Amino acid sequence: MVANNTKELSAARAPGVSWDELAEADSRPVPEYLKQGSCPDLGSEPLSTERYTSPEFFQRENDRMWPRVWQFAAREEELRNPGDVVVYENAGRSYALTRQQDGSVRAFFNVCLHRGRKLRTADGKVGEFRCPYHGWTWNIDGSLKTIPSRWDFKHLDDEPLNLPEAEVASWGGFIFVREEQGGPSLKEFLGELPLHFERWLPERRYTTAWVAKVVPANWKATAEAFMEAYHVIATHPQIMPFTGDANSKYSLHGDNVNLAITPFGTTSPHLHGAGLDEQAIMDAFLRYNGRVVPKDSTIEVPAGVTARRAMGDFNRRRFSEMAGMDLDHASDAEVQDAFTYNVFPNFSPWGGFSPAVVYRWRPWQDQDHTLMEVRILGLVPEGEPLPDVVRMQMLEPHQNWAEALGVLGSIIDQDMGNLPHVQAGMKLSKTKKLQLANSQEVRIRHFHQTLDKYLADPGHGEVE
Ligand code: FES
């Protein structure tokens with residue numbers, strides 16, 4: 001499908017300064033590892049539309065890829081006490097993640113071993129798993145507790161009747177499951193990611209908002225709408241005065257992780273010559289970037305100071321107060337830019353010190369639908385207890401994201417405006433080909449290249 005060419009993409013350079021050059025001019029240095037990420041040339045082959053529209057391709061993903069990858073299934077704060085259960089369902093599987101007495105989390109296949117009823121249909125707290133159909137019951141560690149009329153099941157005396165389990169591992173407050181045993185550990189799977197997030201305290205964050213909606217488009221097409229800043233010029237033109245869309249830095253970190261850093265507080269190279277002054281850049285930023293600043297904020301940009309630096313100063317102070325700790329060391333970039341990480345296959349946590357966005361995309365019944373989830377993770381001030389758990393708010397088809405997520409939601413609504421037509425268009429395509437930009441869409445190519453490794457080789461991911 002795609003050539004694996006590791007030479008650097010140096011020719012495909014957007015006009016204007018790069019993110020590295022912007023970061024170099026910031027008031028404080030960014031961590032060295034953010035400067036080091038590279039964007040290899042992965043080739044220019046088109047992608048086939050069938051990857052998104054074919055039921056057979058979808059089935060191969062379900063059979064070969066999903067059981068072998070680590071999937072973000074829950075946040076630690078959703079499972080605070082022994083007996084707390086989160087039901088995580090994806091790609092034809094259902095898991096009951098359960099906090100144990102010893103503090104660990106186990107993920108049971110959420111199906112009764114008698115006649116197959118789902119044991120749990122919702123999150124909650126349990127003292128045991130009792131199947132509502134005939135009453136077979138398991139302890140919260142998955143061991144069998146009782147079978148009504150046990151005398152009638154003599155033939156099962158030698159059967160293992162504990163609930164089957166998936167593997168569980170966690171990083172940074174995120175709990176992951178993997179269906180099949182073996183293969184790389186979560187640490188190996190994530191590669192450099194934990195190092196990148198170390199400064200940003202993911203384990204001290206908690207879910208402050210969690211919104212989901214079914215999107216009438218393939219799960220990969222939906223995820224890919226959030227993998228590049230190339231679409232800003234046509235889909236989100238209102239953010240161009242303060243967004244360096246074409247200055248974004250794209251980098252790949254092993255098979256499973258890639259990153260886009262989109263700078264804010266600087267004007268899009270596409271608006272070159274617009275002559276915006278620094279105050280105008282700041283005013284547009286405040287109007288359209290609700291993730292970073294409170295609604296109706298005003299910030300005066302002092303003479304001789306850039307909007308980017310003024311925003312850096314403002315956010316450092318604000319996030320220090322929110323986190324209850326001194327963030328004076330944080331670079332201007334880390335308190336305003338979009339650090340959009342993708343972890344194969346369907347998990348996207350944003351980095352930086354800002355309230356963090358987390359995306360997750362789950363195929364929803366078929367190749368034409370996706371459950372898209374957006375969480376916002378805030379920082380818990382040092383020494384303070386975790387706030388109450390926020391549960392997922394499912395939007396109805398007629399509801400907009402803006403209703404639940406304000407300005408950020410209105411940006412997502414613009415993305416959502418494309419997706420049904422992308423899915424329909426791919427089915428109608430005469431060429432059946434999708435053409436990708438070499439640099440700005442390299443993360444999409446990277447994602448498909450990793451997917452192909454699983455589809456071609458069911459053993460991909462196993463440690464040698
Ligand atoms: Fe669960 Fe019968 S199906 S007890």
# chains A, B, ... in the order shown; residues from 1 in each chain; ligands from 1
>>> residues_near_ligand(ligand="ligand 1", cutoff="6 Å", atoms="only C-alpha atoms and all ligand atoms", output="ChimeraX atom specification")
/A:112,114-117,131,133-136
>>> write_last_selection(atoms="C-alpha atoms", output="PDB file, in the first residue's frame")
ATOM      1  CA  CYS A 112     -22.356 -15.155  31.055  1.00  0.00           C
ATOM      2  CA  HIS A 114     -24.309 -20.239  30.834  1.00  0.00           C
ATOM      3  CA  ARG A 115     -26.338 -19.096  27.835  1.00  0.00           C
ATOM      4  CA  GLY A 116     -24.523 -15.996  26.855  1.00  0.00           C
ATOM      5  CA  ARG A 117     -26.417 -13.090  28.353  1.00  0.00           C
ATOM      6  CA  CYS A 131     -26.472 -12.864  35.682  1.00  0.00           C
ATOM      7  CA  TYR A 133     -31.268 -14.521  33.450  1.00  0.00           C
ATOM      8  CA  HIS A 134     -30.793 -17.643  35.648  1.00  0.00           C
ATOM      9  CA  GLY A 135     -28.602 -16.297  38.427  1.00  0.00           C
ATOM     10  CA  TRP A 136     -25.139 -17.730  37.735  1.00  0.00           C
TER      11      TRP A 136
END
>>> select_by_dssp(residues="region 73-307 of chain A", states="strand (DSSP E)", output="number ranges by chain")
A: 73-75, 84-90, 93-99, 105-109, 124-125, 129-130, 137-138, 144-146, 165-171, 174-178, 205-215, 249-253, 257-262
>>> closest_atom_pairs(of="region 106-178 of chain A", to="region 385-397 of chain A", cutoff="12 Å", atoms="only C-alpha atoms", output="JSON lines")
{"residue": "A:Ala122", "atom": "CA", "partner": "A:Arg391", "partner_atom": "CA", "distance": 11.2}
{"residue": "A:Asp123", "atom": "CA", "partner": "A:Arg391", "partner_atom": "CA", "distance": 9.4}
{"residue": "A:Gly124", "atom": "CA", "partner": "A:Arg391", "partner_atom": "CA", "distance": 10.9}
>>> residues_around(residues="region 405-416 of chain A", least_positions_apart="2", cutoff="9 Å", atoms="only C-alpha atoms", output="PDB file with all heavy atoms, in the first residue's frame")
ATOM      1  N   ALA A 209     -15.324  16.914  31.426  1.00  0.00           N
ATOM      2  CA  ALA A 209     -16.435  16.851  30.460  1.00  0.00           C
ATOM      3  C   ALA A 209     -16.193  15.641  29.573  1.00  0.00           C
ATOM      4  O   ALA A 209     -15.042  15.278  29.310  1.00  0.00           O
ATOM      5  CB  ALA A 209     -16.493  18.125  29.625  1.00  0.00           C
ATOM      6  N   VAL A 211     -18.238  13.924  26.157  1.00  0.00           N
ATOM      7  CA  VAL A 211     -19.371  14.021  25.236  1.00  0.00           C
ATOM      8  C   VAL A 211     -19.143  13.066  24.071  1.00  0.00           C
ATOM      9  O   VAL A 211     -18.007  12.898  23.614  1.00  0.00           O
ATOM     10  CB  VAL A 211     -19.512  15.468  24.712  1.00  0.00           C
ATOM     11  CG1 VAL A 211     -20.750  15.604  23.828  1.00  0.00           C
ATOM     12  CG2 VAL A 211     -19.587  16.451  25.879  1.00  0.00           C
ATOM     13  N   VAL A 215     -21.363   9.181  14.564  1.00  0.00           N
ATOM     14  CA  VAL A 215     -21.057   9.913  13.334  1.00  0.00           C
ATOM     15  C   VAL A 215     -21.296   8.976  12.154  1.00  0.00           C
ATOM     16  O   VAL A 215     -20.800   7.837  12.166  1.00  0.00           O
ATOM     17  CB  VAL A 215     -19.566  10.351  13.337  1.00  0.00           C
ATOM     18  CG1 VAL A 215     -19.252  11.173  12.098  1.00  0.00           C
ATOM     19  CG2 VAL A 215     -19.228  11.107  14.614  1.00  0.00           C
ATOM     20  N   THR A 222     -13.229   9.352  10.365  1.00  0.00           N
ATOM     21  CA  THR A 222     -13.551  10.282  11.449  1.00  0.00           C
ATOM     22  C   THR A 222     -12.284  10.670  12.212  1.00  0.00           C
ATOM     23  O   THR A 222     -12.021  11.846  12.456  1.00  0.00           O
ATOM     24  CB  THR A 222     -14.580   9.649  12.403  1.00  0.00           C
ATOM     25  OG1 THR A 222     -15.695   9.177  11.625  1.00  0.00           O
ATOM     26  CG2 THR A 222     -15.074  10.652  13.422  1.00  0.00           C
ATOM     27  N   ALA A 225     -10.005  13.136  10.414  1.00  0.00           N
ATOM     28  CA  ALA A 225     -10.415  14.548  10.383  1.00  0.00           C
ATOM     29  C   ALA A 225      -9.718  15.343  11.476  1.00  0.00           C
ATOM     30  O   ALA A 225      -9.763  16.574  11.477  1.00  0.00           O
ATOM     31  CB  ALA A 225     -11.930  14.651  10.542  1.00  0.00           C
ATOM     32  N   PHE A 226      -9.070  14.617  12.400  1.00  0.00           N
ATOM     33  CA  PHE A 226      -8.393  15.277  13.529  1.00  0.00           C
ATOM     34  C   PHE A 226      -6.888  15.002  13.523  1.00  0.00           C
ATOM     35  O   PHE A 226      -6.222  15.167  14.525  1.00  0.00           O
ATOM     36  CB  PHE A 226      -9.031  14.808  14.844  1.00  0.00           C
ATOM     37  CG  PHE A 226     -10.499  15.168  14.917  1.00  0.00           C
ATOM     38  CD1 PHE A 226     -11.455  14.316  14.378  1.00  0.00           C
ATOM     39  CD2 PHE A 226     -10.907  16.371  15.459  1.00  0.00           C
ATOM     40  CE1 PHE A 226     -12.810  14.650  14.394  1.00  0.00           C
ATOM     41  CE2 PHE A 226     -12.251  16.715  15.483  1.00  0.00           C
ATOM     42  CZ  PHE A 226     -13.206  15.859  14.948  1.00  0.00           C
ATOM     43  N   HIS A 231      -6.838  21.009   6.811  1.00  0.00           N
ATOM     44  CA  HIS A 231      -8.238  21.335   6.527  1.00  0.00           C
ATOM     45  C   HIS A 231      -8.676  22.679   7.120  1.00  0.00           C
ATOM     46  O   HIS A 231      -9.779  23.133   6.860  1.00  0.00           O
ATOM     47  CB  HIS A 231      -9.166  20.219   7.041  1.00  0.00           C
ATOM     48  CG  HIS A 231      -9.209  20.096   8.538  1.00  0.00           C
ATOM     49  ND1 HIS A 231      -8.183  19.580   9.286  1.00  0.00           N
ATOM     50  CD2 HIS A 231     -10.171  20.420   9.437  1.00  0.00           C
ATOM     51  CE1 HIS A 231      -8.502  19.590  10.572  1.00  0.00           C
ATOM     52  NE2 HIS A 231      -9.716  20.100  10.698  1.00  0.00           N
ATOM     53  N   THR A 235     -12.184  24.475   6.282  1.00  0.00           N
ATOM     54  CA  THR A 235     -13.208  24.052   7.250  1.00  0.00           C
ATOM     55  C   THR A 235     -13.313  25.001   8.442  1.00  0.00           C
ATOM     56  O   THR A 235     -14.408  25.206   8.970  1.00  0.00           O
ATOM     57  CB  THR A 235     -12.917  22.602   7.722  1.00  0.00           C
ATOM     58  OG1 THR A 235     -12.945  21.737   6.583  1.00  0.00           O
ATOM     59  CG2 THR A 235     -13.936  22.130   8.731  1.00  0.00           C
ATOM     60  N   HIS A 236     -12.179  25.555   8.885  1.00  0.00           N
ATOM     61  CA  HIS A 236     -12.194  26.445  10.061  1.00  0.00           C
ATOM     62  C   HIS A 236     -11.540  27.792   9.741  1.00  0.00           C
ATOM     63  O   HIS A 236     -10.606  28.217  10.440  1.00  0.00           O
ATOM     64  CB  HIS A 236     -11.421  25.821  11.232  1.00  0.00           C
ATOM     65  CG  HIS A 236     -11.745  24.398  11.538  1.00  0.00           C
ATOM     66  ND1 HIS A 236     -13.000  23.976  11.938  1.00  0.00           N
ATOM     67  CD2 HIS A 236     -10.973  23.272  11.522  1.00  0.00           C
ATOM     68  CE1 HIS A 236     -12.976  22.660  12.152  1.00  0.00           C
ATOM     69  NE2 HIS A 236     -11.764  22.215  11.894  1.00  0.00           N
ATOM     70  N   ARG A 287     -11.571  34.931  20.966  1.00  0.00           N
ATOM     71  CA  ARG A 287     -12.949  34.721  20.503  1.00  0.00           C
ATOM     72  C   ARG A 287     -13.200  33.260  20.128  1.00  0.00           C
ATOM     73  O   ARG A 287     -14.273  32.729  20.333  1.00  0.00           O
ATOM     74  CB  ARG A 287     -13.202  35.628  19.293  1.00  0.00           C
ATOM     75  CG  ARG A 287     -14.664  35.815  18.965  1.00  0.00           C
ATOM     76  CD  ARG A 287     -14.955  37.099  18.202  1.00  0.00           C
ATOM     77  NE  ARG A 287     -14.095  37.348  17.074  1.00  0.00           N
ATOM     78  CZ  ARG A 287     -13.222  38.363  16.966  1.00  0.00           C
ATOM     79  NH1 ARG A 287     -13.088  39.217  17.957  1.00  0.00           N
ATOM     80  NH2 ARG A 287     -12.463  38.516  15.897  1.00  0.00           N
ATOM     81  N   TYR A 288     -12.182  32.591  19.589  1.00  0.00           N
ATOM     82  CA  TYR A 288     -12.432  31.277  18.985  1.00  0.00           C
ATOM     83  C   TYR A 288     -11.690  30.121  19.635  1.00  0.00           C
ATOM     84  O   TYR A 288     -11.691  29.020  19.118  1.00  0.00           O
ATOM     85  CB  TYR A 288     -12.076  31.311  17.490  1.00  0.00           C
ATOM     86  CG  TYR A 288     -12.984  32.205  16.700  1.00  0.00           C
ATOM     87  CD1 TYR A 288     -12.482  33.328  16.055  1.00  0.00           C
ATOM     88  CD2 TYR A 288     -14.343  31.923  16.590  1.00  0.00           C
ATOM     89  CE1 TYR A 288     -13.313  34.161  15.314  1.00  0.00           C
ATOM     90  CE2 TYR A 288     -15.179  32.744  15.857  1.00  0.00           C
ATOM     91  CZ  TYR A 288     -14.664  33.863  15.231  1.00  0.00           C
ATOM     92  OH  TYR A 288     -15.486  34.672  14.507  1.00  0.00           O
ATOM     93  N   ASN A 289     -10.988  30.352  20.734  1.00  0.00           N
ATOM     94  CA  ASN A 289     -10.270  29.226  21.332  1.00  0.00           C
ATOM     95  C   ASN A 289     -10.694  29.032  22.779  1.00  0.00           C
ATOM     96  O   ASN A 289      -9.996  29.428  23.699  1.00  0.00           O
ATOM     97  CB  ASN A 289      -8.753  29.429  21.243  1.00  0.00           C
ATOM     98  CG  ASN A 289      -8.023  28.126  21.518  1.00  0.00           C
ATOM     99  OD1 ASN A 289      -8.539  27.256  22.229  1.00  0.00           O
ATOM    100  ND2 ASN A 289      -6.842  27.970  20.964  1.00  0.00           N
ATOM    101  N   GLY A 290     -11.856  28.428  22.952  1.00  0.00           N
ATOM    102  CA  GLY A 290     -12.399  28.234  24.290  1.00  0.00           C
ATOM    103  C   GLY A 290     -11.686  27.192  25.117  1.00  0.00           C
ATOM    104  O   GLY A 290     -11.871  27.109  26.325  1.00  0.00           O
ATOM    105  N   ARG A 291     -10.832  26.392  24.489  1.00  0.00           N
ATOM    106  CA  ARG A 291     -10.118  25.356  25.254  1.00  0.00           C
ATOM    107  C   ARG A 291      -9.118  25.988  26.216  1.00  0.00           C
ATOM    108  O   ARG A 291      -8.873  25.497  27.300  1.00  0.00           O
ATOM    109  CB  ARG A 291      -9.373  24.433  24.280  1.00  0.00           C
ATOM    110  CG  ARG A 291      -8.621  23.293  24.943  1.00  0.00           C
ATOM    111  CD  ARG A 291      -7.978  22.414  23.903  1.00  0.00           C
ATOM    112  NE  ARG A 291      -6.867  23.058  23.252  1.00  0.00           N
ATOM    113  CZ  ARG A 291      -5.593  22.908  23.607  1.00  0.00           C
ATOM    114  NH1 ARG A 291      -5.286  22.137  24.606  1.00  0.00           N
ATOM    115  NH2 ARG A 291      -4.639  23.515  22.952  1.00  0.00           N
ATOM    116  N   LYS A 295     -14.359  32.177  28.366  1.00  0.00           N
ATOM    117  CA  LYS A 295     -15.174  32.979  27.447  1.00  0.00           C
ATOM    118  C   LYS A 295     -15.150  34.451  27.868  1.00  0.00           C
ATOM    119  O   LYS A 295     -15.101  34.761  29.053  1.00  0.00           O
ATOM    120  CB  LYS A 295     -16.608  32.439  27.516  1.00  0.00           C
ATOM    121  CG  LYS A 295     -17.504  32.868  26.400  1.00  0.00           C
ATOM    122  CD  LYS A 295     -18.786  32.022  26.429  1.00  0.00           C
ATOM    123  CE  LYS A 295     -19.755  32.439  25.334  1.00  0.00           C
ATOM    124  NZ  LYS A 295     -20.388  33.707  25.598  1.00  0.00           N
ATOM    125  N   ASN A 400     -26.018  19.460  18.466  1.00  0.00           N
ATOM    126  CA  ASN A 400     -24.686  19.873  18.056  1.00  0.00           C
ATOM    127  C   ASN A 400     -23.703  19.707  19.199  1.00  0.00           C
ATOM    128  O   ASN A 400     -24.061  19.766  20.376  1.00  0.00           O
ATOM    129  CB  ASN A 400     -24.694  21.350  17.631  1.00  0.00           C
ATOM    130  CG  ASN A 400     -25.441  21.540  16.331  1.00  0.00           C
ATOM    131  OD1 ASN A 400     -25.430  20.668  15.459  1.00  0.00           O
ATOM    132  ND2 ASN A 400     -26.097  22.677  16.204  1.00  0.00           N
ATOM    133  N   TRP A 401     -22.424  19.579  18.825  1.00  0.00           N
ATOM    134  CA  TRP A 401     -21.357  19.499  19.832  1.00  0.00           C
ATOM    135  C   TRP A 401     -21.259  20.802  20.610  1.00  0.00           C
ATOM    136  O   TRP A 401     -20.877  20.815  21.780  1.00  0.00           O
ATOM    137  CB  TRP A 401     -20.029  19.183  19.151  1.00  0.00           C
ATOM    138  CG  TRP A 401     -19.945  17.783  18.628  1.00  0.00           C
ATOM    139  CD1 TRP A 401     -20.418  17.328  17.421  1.00  0.00           C
ATOM    140  CD2 TRP A 401     -19.389  16.649  19.281  1.00  0.00           C
ATOM    141  NE1 TRP A 401     -20.189  15.978  17.300  1.00  0.00           N
ATOM    142  CE2 TRP A 401     -19.544  15.543  18.418  1.00  0.00           C
ATOM    143  CE3 TRP A 401     -18.763  16.458  20.511  1.00  0.00           C
ATOM    144  CZ2 TRP A 401     -19.102  14.260  18.740  1.00  0.00           C
ATOM    145  CZ3 TRP A 401     -18.309  15.180  20.838  1.00  0.00           C
ATOM    146  CH2 TRP A 401     -18.487  14.097  19.971  1.00  0.00           C
ATOM    147  N   ALA A 402     -21.583  21.912  19.948  1.00  0.00           N
ATOM    148  CA  ALA A 402     -21.469  23.219  20.620  1.00  0.00           C
ATOM    149  C   ALA A 402     -22.381  23.289  21.848  1.00  0.00           C
ATOM    150  O   ALA A 402     -22.072  23.987  22.810  1.00  0.00           O
ATOM    151  CB  ALA A 402     -21.802  24.338  19.647  1.00  0.00           C
ATOM    152  N   GLU A 403     -23.498  22.554  21.823  1.00  0.00           N
ATOM    153  CA  GLU A 403     -24.414  22.568  22.978  1.00  0.00           C
ATOM    154  C   GLU A 403     -23.710  22.070  24.235  1.00  0.00           C
ATOM    155  O   GLU A 403     -24.007  22.504  25.343  1.00  0.00           O
ATOM    156  CB  GLU A 403     -25.618  21.653  22.723  1.00  0.00           C
ATOM    157  CG  GLU A 403     -26.583  22.164  21.696  1.00  0.00           C
ATOM    158  CD  GLU A 403     -27.729  21.173  21.505  1.00  0.00           C
ATOM    159  OE1 GLU A 403     -28.130  20.490  22.468  1.00  0.00           O
ATOM    160  OE2 GLU A 403     -28.211  21.089  20.356  1.00  0.00           O
ATOM    161  N   ASN A 418     -18.411  17.787   7.455  1.00  0.00           N
ATOM    162  CA  ASN A 418     -17.788  17.116   6.300  1.00  0.00           C
ATOM    163  C   ASN A 418     -18.057  15.614   6.275  1.00  0.00           C
ATOM    164  O   ASN A 418     -18.168  15.007   5.210  1.00  0.00           O
ATOM    165  CB  ASN A 418     -16.264  17.310   6.338  1.00  0.00           C
ATOM    166  CG  ASN A 418     -15.841  18.747   6.091  1.00  0.00           C
ATOM    167  OD1 ASN A 418     -16.453  19.439   5.272  1.00  0.00           O
ATOM    168  ND2 ASN A 418     -14.815  19.189   6.786  1.00  0.00           N
ATOM    169  N   LEU A 419     -18.085  14.995   7.464  1.00  0.00           N
ATOM    170  CA  LEU A 419     -17.904  13.540   7.504  1.00  0.00           C
ATOM    171  C   LEU A 419     -18.981  12.699   6.806  1.00  0.00           C
ATOM    172  O   LEU A 419     -18.643  11.743   6.101  1.00  0.00           O
ATOM    173  CB  LEU A 419     -17.696  13.099   8.954  1.00  0.00           C
ATOM    174  CG  LEU A 419     -16.287  13.481   9.442  1.00  0.00           C
ATOM    175  CD1 LEU A 419     -16.164  13.379  10.947  1.00  0.00           C
ATOM    176  CD2 LEU A 419     -15.239  12.617   8.763  1.00  0.00           C
ATOM    177  N   PRO A 420     -20.276  13.010   6.959  1.00  0.00           N
ATOM    178  CA  PRO A 420     -21.254  12.191   6.222  1.00  0.00           C
ATOM    179  C   PRO A 420     -21.022  12.254   4.712  1.00  0.00           C
ATOM    180  O   PRO A 420     -21.207  11.257   4.004  1.00  0.00           O
ATOM    181  CB  PRO A 420     -22.605  12.831   6.585  1.00  0.00           C
ATOM    182  CG  PRO A 420     -22.343  13.625   7.819  1.00  0.00           C
ATOM    183  CD  PRO A 420     -20.912  14.055   7.764  1.00  0.00           C
TER     184      PRO A 420
END
>>> residues_around(residues="Trp66 (chain A)", least_positions_apart="6", cutoff="12 Å", atoms="only C-alpha atoms", output="MDAnalysis selection string")
chainID A and resid 58:60 72 89:93 177:180 344:346 362:363 451 454:455 458 460:461
>>> residues_around(residues="Arg443 (chain A)", least_positions_apart="6", cutoff="12 Å", atoms="only C-alpha atoms", output="ChimeraX atom specification")
/A:38-43,223-230,249-261,340-345,436-437,449-450
>>> closest_residue(among="A:Glu128, A:Gly352, A:Gly244, A:Phe339", to="Ser18 (chain A)", atoms="only C-alpha atoms")
A:Gly244
>>> select_by_dssp(residues="region 3-197 of chain A", states="alpha helix (DSSP H)", output="PyMOL selection string")
chain A and resi 19-25+32-36+50-53+55-60+186-190+193-197
>>> closest_atom_pairs(of="region 303-373 of chain A", to="region 424-432 of chain A", cutoff="12 Å", atoms="only C-alpha atoms", output="tab-separated table")
residue	atom	partner	partner_atom	distance
A:Gln367	CA	A:Lys427	CA	11.7
A:Asp368	CA	A:Ala424	CA	9.2
A:His369	CA	A:Ala424	CA	11.7
>>> write_last_selection(atoms="N, CA and C atoms", output="short mmCIF file (atom, residue, chain, number, x, y, z; two decimals), in the first residue's frame")
data_model
loop_
_atom_site.label_atom_id
_atom_site.label_comp_id
_atom_site.auth_asym_id
_atom_site.auth_seq_id
_atom_site.Cartn_x
_atom_site.Cartn_y
_atom_site.Cartn_z
N GLN A 367 -19.01 -0.47 9.16
CA GLN A 367 -17.94 0.38 8.60
C GLN A 367 -18.41 1.80 8.32
N ASP A 368 -19.69 2.04 8.41
CA ASP A 368 -20.24 3.36 8.06
C ASP A 368 -20.54 4.24 9.27
N HIS A 369 -20.27 3.77 10.46
CA HIS A 369 -20.61 4.55 11.66
C HIS A 369 -19.50 4.48 12.70
#
>>> residues_around(residues="Val374 (chain A)", least_positions_apart="2", cutoff="7 Å", atoms="only C-alpha atoms", output="short mmCIF file (atom, residue, chain, number, x, y, z; two decimals) with all heavy atoms, in the first residue's frame")
data_model
loop_
_atom_site.label_atom_id
_atom_site.label_comp_id
_atom_site.auth_asym_id
_atom_site.auth_seq_id
_atom_site.Cartn_x
_atom_site.Cartn_y
_atom_site.Cartn_z
N TRP A 210 -17.29 15.02 29.12
CA TRP A 210 -17.16 13.80 28.30
C TRP A 210 -18.42 13.72 27.43
O TRP A 210 -19.52 13.52 27.96
CB TRP A 210 -17.02 12.59 29.21
CG TRP A 210 -16.85 11.27 28.55
CD1 TRP A 210 -16.67 10.99 27.21
CD2 TRP A 210 -16.83 10.00 29.21
NE1 TRP A 210 -16.53 9.65 27.01
CE2 TRP A 210 -16.62 9.01 28.22
CE3 TRP A 210 -16.95 9.61 30.54
CZ2 TRP A 210 -16.56 7.65 28.53
CZ3 TRP A 210 -16.89 8.26 30.85
CH2 TRP A 210 -16.68 7.29 29.85
N VAL A 211 -18.24 13.92 26.16
CA VAL A 211 -19.37 14.02 25.24
C VAL A 211 -19.14 13.07 24.07
O VAL A 211 -18.01 12.90 23.61
CB VAL A 211 -19.51 15.47 24.71
CG1 VAL A 211 -20.75 15.60 23.83
CG2 VAL A 211 -19.59 16.45 25.88
N ALA A 212 -20.21 12.44 23.60
CA ALA A 212 -20.08 11.48 22.50
C ALA A 212 -21.24 11.62 21.53
O ALA A 212 -22.33 12.10 21.90
CB ALA A 212 -20.06 10.05 23.06
N VAL A 357 -7.57 17.84 25.73
CA VAL A 357 -8.61 17.17 24.96
C VAL A 357 -8.17 15.72 24.76
O VAL A 357 -6.98 15.45 24.55
CB VAL A 357 -8.79 17.85 23.58
CG1 VAL A 357 -9.85 17.13 22.75
CG2 VAL A 357 -9.13 19.33 23.75
N VAL A 358 -9.11 14.80 24.85
CA VAL A 358 -8.83 13.39 24.54
C VAL A 358 -9.92 12.91 23.59
O VAL A 358 -11.11 12.98 23.91
CB VAL A 358 -8.84 12.51 25.81
CG1 VAL A 358 -8.65 11.04 25.44
CG2 VAL A 358 -7.75 12.95 26.77
N TYR A 359 -9.49 12.43 22.43
CA TYR A 359 -10.44 11.85 21.48
C TYR A 359 -10.33 10.32 21.54
O TYR A 359 -9.26 9.76 21.75
CB TYR A 359 -10.11 12.23 20.04
CG TYR A 359 -10.12 13.71 19.72
CD1 TYR A 359 -9.04 14.28 19.04
CD2 TYR A 359 -11.19 14.51 20.04
CE1 TYR A 359 -9.04 15.62 18.70
CE2 TYR A 359 -11.20 15.86 19.71
CZ TYR A 359 -10.11 16.41 19.04
OH TYR A 359 -10.10 17.73 18.72
N ARG A 360 -11.47 9.68 21.31
CA ARG A 360 -11.47 8.23 21.08
C ARG A 360 -12.51 7.94 20.01
O ARG A 360 -13.60 8.53 20.04
CB ARG A 360 -11.81 7.48 22.38
CG ARG A 360 -11.83 5.96 22.22
CD ARG A 360 -11.89 5.22 23.56
NE ARG A 360 -13.10 5.50 24.31
CZ ARG A 360 -13.36 5.01 25.51
NH1 ARG A 360 -12.50 4.20 26.10
NH2 ARG A 360 -14.48 5.30 26.14
N MET A 372 -17.83 8.79 18.23
CA MET A 372 -16.74 9.72 18.54
C MET A 372 -16.94 10.27 19.93
O MET A 372 -18.02 10.74 20.27
CB MET A 372 -16.70 10.87 17.53
CG MET A 372 -15.75 11.95 17.98
SD MET A 372 -14.97 12.86 16.69
CE MET A 372 -13.96 13.96 17.69
N ILE A 376 -12.55 16.22 28.16
CA ILE A 376 -11.65 17.28 28.61
C ILE A 376 -11.10 16.85 29.96
O ILE A 376 -11.87 16.49 30.87
CB ILE A 376 -12.37 18.64 28.77
CG1 ILE A 376 -13.16 19.00 27.49
CG2 ILE A 376 -11.34 19.73 29.11
CD1 ILE A 376 -12.34 19.26 26.27
#
>>> residues_around(residues="Asp102 (chain A)", least_positions_apart="6", cutoff="12 Å", atoms="only C-alpha atoms", output="NGL selection string")
:A and (80-83 or 140-141)
>>> closest_residue(among="A:Asp277, A:Glu334, A:Glu159, A:Asp457", to="Pro355 (chain A)", atoms="only C-alpha atoms")
A:Glu334
>>> closest_atom_pairs(of="region 173-231 of chain A", to="region 327-332 of chain A", cutoff="12 Å", atoms="only C-alpha atoms", output="Markdown table")
| residue | atom | partner | partner_atom | distance |
| --- | --- | --- | --- | --- |
| A:Arg199 | CA | A:Ala330 | CA | 8.9 |
| A:Trp200 | CA | A:Ala330 | CA | 9.5 |
| A:Leu201 | CA | A:Leu327 | CA | 11.6 |
>>> closest_residue(among="A:Leu379, A:Leu434, A:Val232, A:Leu286", to="Glu321 (chain A)", atoms="only C-alpha atoms")
A:Leu379
